[in-house]
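Visitor: Sharing final_34.cif below, mmCIF, C-alpha atoms:
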data_final
#
loop_
_atom_site.group_PDB
_atom_site.id
_atom_site.type_symbol
_atom_site.label_atom_id
_atom_site.label_comp_id
_atom_site.auth_asym_id
_atom_site.auth_seq_id
_atom_site.Cartn_x
_atom_site.Cartn_y
_atom_site.Cartn_z
ATOM 1 C CA GLY A 19 50.860 69.898 -32.669
ATOM 2 C CA ALA A 20 50.647 68.532 -29.170
ATOM 3 C CA VAL A 21 52.040 70.676 -26.375
ATOM 4 C CA VAL A 22 54.203 69.612 -23.479
ATOM 5 C CA SER A 23 55.146 72.065 -20.748
ATOM 6 C CA GLN A 24 57.837 71.948 -18.098
ATOM 7 C CA HIS A 25 58.040 73.843 -14.862
ATOM 8 C CA PRO A 26 60.152 75.514 -13.771
ATOM 9 C CA SER A 27 62.084 76.596 -16.841
ATOM 10 C CA TRP A 28 65.155 77.223 -14.735
ATOM 11 C CA VAL A 29 66.101 76.740 -11.116
ATOM 12 C CA ILE A 30 69.083 77.586 -8.942
ATOM 13 C CA CYS A 31 69.462 75.745 -5.653
ATOM 14 C CA LYS A 32 71.981 75.107 -2.920
ATOM 15 C CA SER A 33 73.874 71.856 -2.710
ATOM 16 C CA GLY A 34 72.009 69.291 -0.628
ATOM 17 C CA THR A 35 68.519 70.478 -1.429
ATOM 18 C CA SER A 36 65.946 68.633 -3.519
ATOM 19 C CA VAL A 37 64.407 69.998 -6.683
ATOM 20 C CA LYS A 38 61.181 68.882 -8.357
ATOM 21 C CA ILE A 39 60.585 69.375 -12.067
ATOM 22 C CA GLU A 40 57.129 68.933 -13.585
ATOM 23 C CA CYS A 41 56.309 67.766 -17.082
ATOM 24 C CA ARG A 42 52.727 68.146 -18.333
ATOM 25 C CA SER A 43 51.012 67.122 -21.532
ATOM 26 C CA LEU A 44 48.512 69.911 -22.126
ATOM 27 C CA ASP A 45 46.207 68.533 -24.784
ATOM 28 C CA PHE A 46 46.655 64.791 -24.865
ATOM 29 C CA GLN A 47 47.033 61.840 -22.522
ATOM 30 C CA ALA A 48 50.603 60.686 -22.207
ATOM 31 C CA THR A 49 50.815 56.986 -21.483
ATOM 32 C CA THR A 50 54.610 57.148 -21.618
ATOM 33 C CA MET A 51 56.939 59.963 -20.602
ATOM 34 C CA PHE A 52 60.691 60.141 -21.008
ATOM 35 C CA TRP A 53 63.240 62.144 -19.075
ATOM 36 C CA TYR A 54 66.437 63.222 -20.798
ATOM 37 C CA ARG A 55 69.507 65.059 -19.616
ATOM 38 C CA GLN A 56 71.707 67.248 -21.771
ATOM 39 C CA PHE A 57 75.147 68.572 -20.883
ATOM 40 C CA PRO A 58 76.549 71.553 -22.800
ATOM 41 C CA LYS A 59 77.458 70.647 -26.381
ATOM 42 C CA GLN A 60 76.455 67.043 -25.809
ATOM 43 C CA SER A 61 73.623 64.864 -26.911
ATOM 44 C CA LEU A 62 70.381 64.246 -25.064
ATOM 45 C CA MET A 63 70.870 61.189 -22.885
ATOM 46 C CA LEU A 64 67.835 59.218 -21.766
ATOM 47 C CA MET A 65 67.599 58.910 -17.994
ATOM 48 C CA ALA A 66 64.381 56.963 -17.580
ATOM 49 C CA THR A 67 61.116 55.920 -19.151
ATOM 50 C CA SER A 68 57.922 56.110 -17.149
ATOM 51 C CA ASN A 69 54.549 54.596 -17.903
ATOM 52 C CA GLU A 70 51.496 55.954 -16.171
ATOM 53 C CA GLY A 71 50.754 54.114 -12.958
ATOM 54 C CA SER A 72 53.897 51.998 -12.901
ATOM 55 C CA LYS A 73 57.475 52.364 -11.760
ATOM 56 C CA ALA A 74 59.931 54.098 -14.027
ATOM 57 C CA THR A 75 62.550 52.144 -15.949
ATOM 58 C CA TYR A 76 65.962 53.705 -15.484
ATOM 59 C CA GLU A 77 68.837 53.601 -17.930
ATOM 60 C CA GLN A 78 72.076 52.002 -16.866
ATOM 61 C CA GLY A 79 74.131 54.275 -14.672
ATOM 62 C CA VAL A 80 71.218 56.469 -13.551
ATOM 63 C CA GLU A 81 70.607 56.343 -9.799
ATOM 64 C CA LYS A 82 66.938 55.738 -9.208
ATOM 65 C CA ASP A 83 67.148 56.838 -5.579
ATOM 66 C CA LYS A 84 68.657 60.143 -6.618
ATOM 67 C CA PHE A 85 66.386 60.879 -9.560
ATOM 68 C CA LEU A 86 62.871 60.064 -8.394
ATOM 69 C CA ILE A 87 60.283 59.856 -11.130
ATOM 70 C CA ASN A 88 56.544 59.817 -10.575
ATOM 71 C CA HIS A 89 53.954 59.434 -13.328
ATOM 72 C CA ALA A 90 50.766 59.396 -11.321
ATOM 73 C CA SER A 91 48.428 60.705 -14.003
ATOM 74 C CA LEU A 92 48.136 60.657 -17.775
ATOM 75 C CA THR A 93 49.091 64.316 -17.998
ATOM 76 C CA LEU A 94 51.785 64.758 -15.367
ATOM 77 C CA SER A 95 55.183 63.314 -14.614
ATOM 78 C CA THR A 96 57.633 64.690 -12.077
ATOM 79 C CA LEU A 97 61.382 64.328 -11.723
ATOM 80 C CA THR A 98 62.834 65.031 -8.291
ATOM 81 C CA VAL A 99 66.574 65.482 -7.979
ATOM 82 C CA THR A 100 67.269 64.564 -4.361
ATOM 83 C CA SER A 101 70.175 66.029 -2.422
ATOM 84 C CA ALA A 102 71.380 67.859 -5.491
ATOM 85 C CA HIS A 103 75.093 68.493 -6.008
ATOM 86 C CA PRO A 104 76.925 70.724 -8.484
ATOM 87 C CA GLU A 105 77.547 67.775 -10.809
ATOM 88 C CA ASP A 106 73.763 67.450 -11.207
ATOM 89 C CA SER A 107 73.674 70.850 -12.902
ATOM 90 C CA SER A 108 72.330 70.218 -16.361
ATOM 91 C CA PHE A 109 69.457 70.737 -18.779
ATOM 92 C CA TYR A 110 66.598 68.312 -18.134
ATOM 93 C CA ILE A 111 64.112 67.653 -20.918
ATOM 94 C CA CYS A 112 60.962 65.557 -20.861
ATOM 95 C CA SER A 113 58.974 64.109 -23.711
ATOM 96 C CA ALA A 114 55.538 62.534 -23.839
ATOM 97 C CA HIS A 115 53.973 59.884 -26.007
ATOM 98 C CA SER A 116 50.322 58.963 -26.374
ATOM 99 C CA GLN A 117 49.244 55.367 -26.800
ATOM 100 C CA GLY A 118 49.183 54.389 -30.438
ATOM 101 C CA GLY A 119 50.988 57.539 -31.494
ATOM 102 C CA GLU A 120 54.117 57.569 -33.608
ATOM 103 C CA THR A 121 55.712 60.704 -32.217
ATOM 104 C CA GLN A 122 57.144 61.915 -28.947
ATOM 105 C CA TYR A 123 56.446 65.546 -28.045
ATOM 106 C CA PHE A 124 59.106 67.421 -26.136
ATOM 107 C CA GLY A 125 58.950 69.971 -23.386
ATOM 108 C CA PRO A 126 61.089 73.140 -23.495
ATOM 109 C CA GLY A 127 63.482 71.886 -20.863
ATOM 110 C CA THR A 128 64.497 72.910 -17.338
ATOM 111 C CA ARG A 129 67.916 74.289 -16.624
ATOM 112 C CA LEU A 130 69.191 73.316 -13.162
ATOM 113 C CA LEU A 131 72.155 75.010 -11.506
ATOM 114 C CA VAL A 132 73.318 73.640 -8.183
ATOM 115 C CA LEU A 133 75.636 75.918 -6.234
ATOM 116 C CA GLY B 17 74.108 49.422 -29.330
ATOM 117 C CA ASN B 18 72.468 52.194 -31.290
ATOM 118 C CA SER B 19 74.327 55.428 -31.939
ATOM 119 C CA VAL B 20 74.039 58.574 -34.036
ATOM 120 C CA THR B 21 76.970 60.605 -35.303
ATOM 121 C CA GLN B 22 76.152 64.103 -36.348
ATOM 122 C CA MET B 23 78.107 66.848 -38.033
ATOM 123 C CA GLU B 24 79.670 69.121 -35.468
ATOM 124 C CA GLY B 25 78.724 72.744 -35.488
ATOM 125 C CA PRO B 26 78.302 75.509 -35.302
ATOM 126 C CA VAL B 27 77.370 76.103 -38.909
ATOM 127 C CA THR B 28 77.027 79.651 -40.192
ATOM 128 C CA LEU B 29 75.571 80.355 -43.632
ATOM 129 C CA SER B 30 74.313 83.311 -45.584
ATOM 130 C CA GLU B 31 70.639 83.552 -46.410
ATOM 131 C CA GLU B 32 69.633 81.541 -49.519
ATOM 132 C CA ALA B 33 72.690 79.271 -49.230
ATOM 133 C CA PHE B 34 72.418 75.501 -49.588
ATOM 134 C CA LEU B 35 72.449 73.536 -46.346
ATOM 135 C CA THR B 36 73.684 70.036 -45.600
ATOM 136 C CA ILE B 37 73.962 68.625 -42.094
ATOM 137 C CA ASN B 38 75.447 65.138 -42.096
ATOM 138 C CA CYS B 39 74.096 62.327 -39.956
ATOM 139 C CA THR B 40 75.163 58.690 -39.884
ATOM 140 C CA TYR B 41 73.912 55.971 -37.601
ATOM 141 C CA THR B 42 74.674 52.541 -36.186
ATOM 142 C CA ALA B 43 71.742 50.305 -35.369
ATOM 143 C CA THR B 44 70.510 46.775 -35.599
ATOM 144 C CA GLY B 45 67.547 45.966 -37.753
ATOM 145 C CA TYR B 46 65.542 48.685 -39.425
ATOM 146 C CA PRO B 47 65.339 51.783 -37.265
ATOM 147 C CA SER B 48 63.136 54.810 -37.848
ATOM 148 C CA LEU B 49 65.115 58.011 -38.396
ATOM 149 C CA PHE B 50 64.227 61.529 -37.354
ATOM 150 C CA TRP B 51 65.356 65.122 -37.522
ATOM 151 C CA TYR B 52 64.288 67.364 -34.652
ATOM 152 C CA VAL B 53 64.720 71.134 -34.484
ATOM 153 C CA GLN B 54 65.022 73.284 -31.386
ATOM 154 C CA TYR B 55 64.384 76.994 -31.810
ATOM 155 C CA PRO B 56 65.732 79.346 -29.135
ATOM 156 C CA GLY B 57 63.833 79.010 -25.892
ATOM 157 C CA GLU B 58 61.582 76.236 -27.175
ATOM 158 C CA GLY B 59 61.341 72.451 -26.936
ATOM 159 C CA LEU B 60 62.417 70.006 -29.598
ATOM 160 C CA GLN B 61 59.997 69.750 -32.517
ATOM 161 C CA LEU B 62 59.832 66.939 -35.010
ATOM 162 C CA LEU B 63 61.000 68.299 -38.369
ATOM 163 C CA LEU B 64 60.787 65.173 -40.502
ATOM 164 C CA LYS B 65 61.119 61.425 -40.338
ATOM 165 C CA ALA B 66 61.620 58.310 -42.443
ATOM 166 C CA THR B 67 60.717 54.790 -41.439
ATOM 167 C CA LYS B 68 62.276 52.593 -44.117
ATOM 168 C CA ALA B 69 65.131 52.505 -46.587
ATOM 169 C CA ASP B 70 64.928 54.980 -49.487
ATOM 170 C CA ASP B 71 62.102 56.902 -47.818
ATOM 171 C CA LYS B 72 62.458 60.662 -48.076
ATOM 172 C CA GLY B 73 61.173 62.792 -45.242
ATOM 173 C CA SER B 74 60.383 66.408 -46.025
ATOM 174 C CA ASN B 75 58.967 69.451 -44.277
ATOM 175 C CA LYS B 76 59.350 73.238 -44.529
ATOM 176 C CA GLY B 77 61.741 72.874 -47.467
ATOM 177 C CA PHE B 78 63.999 70.450 -45.592
ATOM 178 C CA GLU B 79 64.604 66.930 -46.898
ATOM 179 C CA ALA B 80 66.431 63.829 -45.749
ATOM 180 C CA THR B 81 66.656 60.422 -47.401
ATOM 181 C CA TYR B 82 67.053 57.175 -45.475
ATOM 182 C CA ARG B 83 70.131 55.524 -47.011
ATOM 183 C CA LYS B 84 70.615 52.066 -45.594
ATOM 184 C CA GLU B 85 73.652 51.301 -47.748
ATOM 185 C CA THR B 86 75.563 54.227 -46.276
ATOM 186 C CA THR B 87 73.673 54.274 -42.931
ATOM 187 C CA SER B 88 73.028 57.968 -43.414
ATOM 188 C CA PHE B 89 70.182 60.444 -43.068
ATOM 189 C CA HIS B 90 71.653 63.783 -44.141
ATOM 190 C CA LEU B 91 69.510 66.900 -43.790
ATOM 191 C CA GLU B 92 69.349 69.287 -46.749
ATOM 192 C CA LYS B 93 67.657 72.515 -47.704
ATOM 193 C CA GLY B 94 68.122 74.334 -50.974
ATOM 194 C CA SER B 95 67.784 77.913 -49.730
ATOM 195 C CA VAL B 96 67.989 78.691 -46.036
ATOM 196 C CA GLN B 97 66.323 81.601 -44.301
ATOM 197 C CA VAL B 98 67.181 83.535 -41.160
ATOM 198 C CA SER B 99 64.209 81.849 -39.479
ATOM 199 C CA ASP B 100 65.934 78.473 -39.917
ATOM 200 C CA SER B 101 68.493 79.431 -37.268
ATOM 201 C CA ALA B 102 68.168 76.748 -34.602
ATOM 202 C CA VAL B 103 69.777 73.587 -33.266
ATOM 203 C CA TYR B 104 69.113 70.450 -35.319
ATOM 204 C CA PHE B 105 69.191 66.938 -33.848
ATOM 205 C CA CYS B 106 69.364 63.678 -35.749
ATOM 206 C CA ALA B 107 67.824 60.728 -33.914
ATOM 207 C CA LEU B 108 66.845 57.115 -34.327
ATOM 208 C CA ARG B 109 64.444 54.716 -32.713
ATOM 209 C CA ARG B 110 63.558 51.083 -33.114
ATOM 210 C CA GLY B 111 61.257 50.893 -36.127
ATOM 211 C CA MET B 112 57.622 51.601 -36.748
ATOM 212 C CA ASN B 113 55.050 50.768 -34.084
ATOM 213 C CA PHE B 114 57.568 51.516 -31.342
ATOM 214 C CA GLY B 115 56.550 55.075 -30.640
ATOM 215 C CA ASN B 116 56.761 54.467 -26.922
ATOM 216 C CA GLU B 117 60.432 53.533 -27.057
ATOM 217 C CA LYS B 118 63.413 55.727 -26.488
ATOM 218 C CA LEU B 119 65.145 57.916 -29.035
ATOM 219 C CA THR B 120 68.897 57.939 -29.483
ATOM 220 C CA PHE B 121 70.130 61.414 -30.366
ATOM 221 C CA GLY B 122 73.136 62.923 -32.073
ATOM 222 C CA THR B 123 74.938 65.806 -30.390
ATOM 223 C CA GLY B 124 73.013 68.507 -32.248
ATOM 224 C CA THR B 125 74.216 71.055 -34.810
ATOM 225 C CA ARG B 126 73.715 74.736 -34.196
ATOM 226 C CA LEU B 127 72.825 76.565 -37.399
ATOM 227 C CA THR B 128 73.019 80.338 -37.736
ATOM 228 C CA ILE B 129 71.816 82.095 -40.885
ATOM 229 C CA ILE B 130 73.127 85.564 -41.585
ATOM 230 C CA PRO B 131 70.950 88.008 -43.567
#
Since I need it in another form, could you write the structure as structure tokens?
Guide:
Amino acid sequence: GAVVSQHPSWVICKSGTSVKIECRSLDFQATTMFWYRQFPKQSLMLMATSNEGSKATYEQGVEKDKFLINHASLTLSTLTVTSAHPEDSSFYICSAHSQGGETQYFGPGTRLLVL
Amino acid sequence: GNSVTQMEGPVTLSEEAFLTINCTYTATGYPSLFWYVQYPGEGLQLLLKATKADDKGSNKGFEATYRKETTSFHLEKGSVQVSDSAVYFCALRRGMNFGNEKLTFGTGTRLTIIP
């Protein structure tokens, strides 16, 4: 099946710093990418949907100025957590969808710990 | 809005036991239903899906039937193996032809199979 990678797989940072997470579709063109967040023992919650070349659509309650999403190419989307705080510590997962496809393909996730 | 309620884990079974993981949903219209599996250290993978009432999705010995009358999509396997140990997520999405729309997930059920 299609492969989606995320980098880094885990990151530890100090409070107040910014962290960028990359999501790449390795063998297909992803017209749409999704960013999810998962807290321990909780469900995946959608943060935003991004279509290549246009602004991301954020879910209610997600701060777009804090979680910057860029989808500049058909194989790469980035999520930047700006001025991270301990409450931003979580597991961030991306998924990618190709135009006309029925399935989303998920990355392995990035674990963020903000000290 | 849409929601998915999934059997809480963790679930521990002996090898060759019968598995059922319950999943019920709330949605308008006719959603598509999915089971995803996440093996340790990997991303979510689509296990099976069903797109209309009474459809049965199946893969790797797992089955789930789309029951509109009970709004359920329970996952079953007749004889589990140690390699089935993973976290299983039930999910729904607006129906067919909406592959670029978001998924709504259950909380996930961790399954451990003991030799």
Visitor: Excluding segment 124-126 of chain A and residues on its chain fewer than 6 positions from it, collect all residues at most 12 Å away from it, counting all atoms listed in the file, and give them as a ChimeraX atom specification.
Guide: /A:19-28,39-44,48,51-54,62,94-95,109-115 /B:52-62,119
Visitor: Generate a file of the selected residues that holds C-alpha atoms, formatted as an mmCIF file, in the coordinates of the input.
Guide:
data_model
loop_
_atom_site.group_PDB
_atom_site.id
_atom_site.type_symbol
_atom_site.label_atom_id
_atom_site.label_comp_id
_atom_site.auth_asym_id
_atom_site.auth_seq_id
_atom_site.Cartn_x
_atom_site.Cartn_y
_atom_site.Cartn_z
ATOM 1 C CA GLY A 19 50.860 69.898 -32.669
ATOM 2 C CA ALA A 20 50.647 68.532 -29.170
ATOM 3 C CA VAL A 21 52.040 70.676 -26.375
ATOM 4 C CA VAL A 22 54.203 69.612 -23.479
ATOM 5 C CA SER A 23 55.146 72.065 -20.748
ATOM 6 C CA GLN A 24 57.837 71.948 -18.098
ATOM 7 C CA HIS A 25 58.040 73.843 -14.862
ATOM 8 C CA PRO A 26 60.152 75.514 -13.771
ATOM 9 C CA SER A 27 62.084 76.596 -16.841
ATOM 10 C CA TRP A 28 65.155 77.223 -14.735
ATOM 11 C CA ILE A 39 60.585 69.375 -12.067
ATOM 12 C CA GLU A 40 57.129 68.933 -13.585
ATOM 13 C CA CYS A 41 56.309 67.766 -17.082
ATOM 14 C CA ARG A 42 52.727 68.146 -18.333
ATOM 15 C CA SER A 43 51.012 67.122 -21.532
ATOM 16 C CA LEU A 44 48.512 69.911 -22.126
ATOM 17 C CA ALA A 48 50.603 60.686 -22.207
ATOM 18 C CA MET A 51 56.939 59.963 -20.602
ATOM 19 C CA PHE A 52 60.691 60.141 -21.008
ATOM 20 C CA TRP A 53 63.240 62.144 -19.075
ATOM 21 C CA TYR A 54 66.437 63.222 -20.798
ATOM 22 C CA LEU A 62 70.381 64.246 -25.064
ATOM 23 C CA LEU A 94 51.785 64.758 -15.367
ATOM 24 C CA SER A 95 55.183 63.314 -14.614
ATOM 25 C CA PHE A 109 69.457 70.737 -18.779
ATOM 26 C CA TYR A 110 66.598 68.312 -18.134
ATOM 27 C CA ILE A 111 64.112 67.653 -20.918
ATOM 28 C CA CYS A 112 60.962 65.557 -20.861
ATOM 29 C CA SER A 113 58.974 64.109 -23.711
ATOM 30 C CA ALA A 114 55.538 62.534 -23.839
ATOM 31 C CA HIS A 115 53.973 59.884 -26.007
ATOM 32 C CA TYR B 52 64.288 67.364 -34.652
ATOM 33 C CA VAL B 53 64.720 71.134 -34.484
ATOM 34 C CA GLN B 54 65.022 73.284 -31.386
ATOM 35 C CA TYR B 55 64.384 76.994 -31.810
ATOM 36 C CA PRO B 56 65.732 79.346 -29.135
ATOM 37 C CA GLY B 57 63.833 79.010 -25.892
ATOM 38 C CA GLU B 58 61.582 76.236 -27.175
ATOM 39 C CA GLY B 59 61.341 72.451 -26.936
ATOM 40 C CA LEU B 60 62.417 70.006 -29.598
ATOM 41 C CA GLN B 61 59.997 69.750 -32.517
ATOM 42 C CA LEU B 62 59.832 66.939 -35.010
ATOM 43 C CA LEU B 119 65.145 57.916 -29.035
#
Visitor: Could you write out as a PyMOL selection string the residues of chain A within 8 Å of chain B, counting all atoms listed in the file?
Guide: chain A and resi 50+52+59-64+67+115-127
Visitor: State, in Å with one decimal place, the distance from atom CA of Cys39 of chain B to atom CA of Leu91 of chain B.
Guide: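 Atom CA of Leu91 of chain B lies at a distance of 7.5 Å from atom CA of Cys39 of chain B.
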Visitor: Might you pull out every residue within 7 Å of segment 79-90 of chain B, with only C-alpha atoms counted and same-chain residues fewer than 2 positions away left off, and present them as an mmCIF file with C-alpha atoms, in the coordinates of the input?
Guide:
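Wrote it out as result_5.cif, contents follow:
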data_model
loop_
_atom_site.group_PDB
_atom_site.id
_atom_site.type_symbol
_atom_site.label_atom_id
_atom_site.label_comp_id
_atom_site.auth_asym_id
_atom_site.auth_seq_id
_atom_site.Cartn_x
_atom_site.Cartn_y
_atom_site.Cartn_z
ATOM 1 C CA THR B 36 73.684 70.036 -45.600
ATOM 2 C CA ILE B 37 73.962 68.625 -42.094
ATOM 3 C CA ASN B 38 75.447 65.138 -42.096
ATOM 4 C CA CYS B 39 74.096 62.327 -39.956
ATOM 5 C CA THR B 40 75.163 58.690 -39.884
ATOM 6 C CA TYR B 41 73.912 55.971 -37.601
ATOM 7 C CA ALA B 66 61.620 58.310 -42.443
ATOM 8 C CA LYS B 68 62.276 52.593 -44.117
ATOM 9 C CA ALA B 69 65.131 52.505 -46.587
ATOM 10 C CA ASP B 70 64.928 54.980 -49.487
ATOM 11 C CA ASP B 71 62.102 56.902 -47.818
ATOM 12 C CA LYS B 72 62.458 60.662 -48.076
ATOM 13 C CA GLY B 73 61.173 62.792 -45.242
ATOM 14 C CA SER B 74 60.383 66.408 -46.025
ATOM 15 C CA ASN B 75 58.967 69.451 -44.277
ATOM 16 C CA GLY B 77 61.741 72.874 -47.467
ATOM 17 C CA GLU B 92 69.349 69.287 -46.749
ATOM 18 C CA LYS B 93 67.657 72.515 -47.704
#
Visitor: Which one is closest to Thr49 of chain A: A:Ser91, A:Thr128, A:Thr35, A:Ser108? Count only C-alpha atoms.
Guide: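 That would be A:Ser91, the residue with the smallest distance to Thr49 of chain A.
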Visitor: What does the structure give for the distance between atom CA of Asn69 of chain A and atom CA of Glu81 of chain A, in Å to one decimal?
Guide: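 Interatomic distance, atom CA of Asn69 of chain A to atom CA of Glu81 of chain A: 18.1 Å.
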Visitor: For Ile30 of chain A, please output as a list of chain:residue names all residues within 8 Å (counting all atoms listed in the file; exclusion window: fewer than 6 positions along the same chain).
Guide: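 The residues satisfying every condition are A:Leu130, A:Leu131, A:Val132, A:Leu133.
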Visitor: Pull C-alpha atoms from the residues just selected and write them as an mmCIF file, in the frame of the given file.
Guide:
data_model
loop_
_atom_site.group_PDB
_atom_site.id
_atom_site.type_symbol
_atom_site.label_atom_id
_atom_site.label_comp_id
_atom_site.auth_asym_id
_atom_site.auth_seq_id
_atom_site.Cartn_x
_atom_site.Cartn_y
_atom_site.Cartn_z
ATOM 1 C CA LEU A 130 69.191 73.316 -13.162
ATOM 2 C CA LEU A 131 72.155 75.010 -11.506
ATOM 3 C CA VAL A 132 73.318 73.640 -8.183
ATOM 4 C CA LEU A 133 75.636 75.918 -6.234
#
Visitor: Go ahead and compute the interatomic distance for atom CA of Lys84 of chain A and atom CA of Thr98 of chain A, in Å to one decimal.
Guide: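 According to the coordinates, atom CA of Lys84 of chain A and atom CA of Thr98 of chain A are separated by 7.8 Å.
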Visitor: On this structure, which residues satisfy the PyMOL selection byres ((chain A and resi 37) around 6), written as a ChimeraX atom specification?
Guide: /A:36,38,98-99
Visitor: Using the chain letters and residue numbers of this document, give as a short mmCIF file (atom, residue, chain, number, x, y, z; two decimals) with C-alpha atoms, in the frame of the given file the residues selected by the PyMOL selection byres ((chain B and resi 127-130) around 7).
Guide:
data_model
loop_
_atom_site.label_atom_id
_atom_site.label_comp_id
_atom_site.auth_asym_id
_atom_site.auth_seq_id
_atom_site.Cartn_x
_atom_site.Cartn_y
_atom_site.Cartn_z
CA PRO B 26 78.30 75.51 -35.30
CA VAL B 27 77.37 76.10 -38.91
CA THR B 28 77.03 79.65 -40.19
CA LEU B 29 75.57 80.36 -43.63
CA SER B 30 74.31 83.31 -45.58
CA GLU B 31 70.64 83.55 -46.41
CA GLN B 97 66.32 81.60 -44.30
CA VAL B 98 67.18 83.54 -41.16
CA ASP B 100 65.93 78.47 -39.92
CA SER B 101 68.49 79.43 -37.27
CA ALA B 102 68.17 76.75 -34.60
CA VAL B 103 69.78 73.59 -33.27
CA THR B 125 74.22 71.06 -34.81
CA ARG B 126 73.72 74.74 -34.20
CA PRO B 131 70.95 88.01 -43.57
#
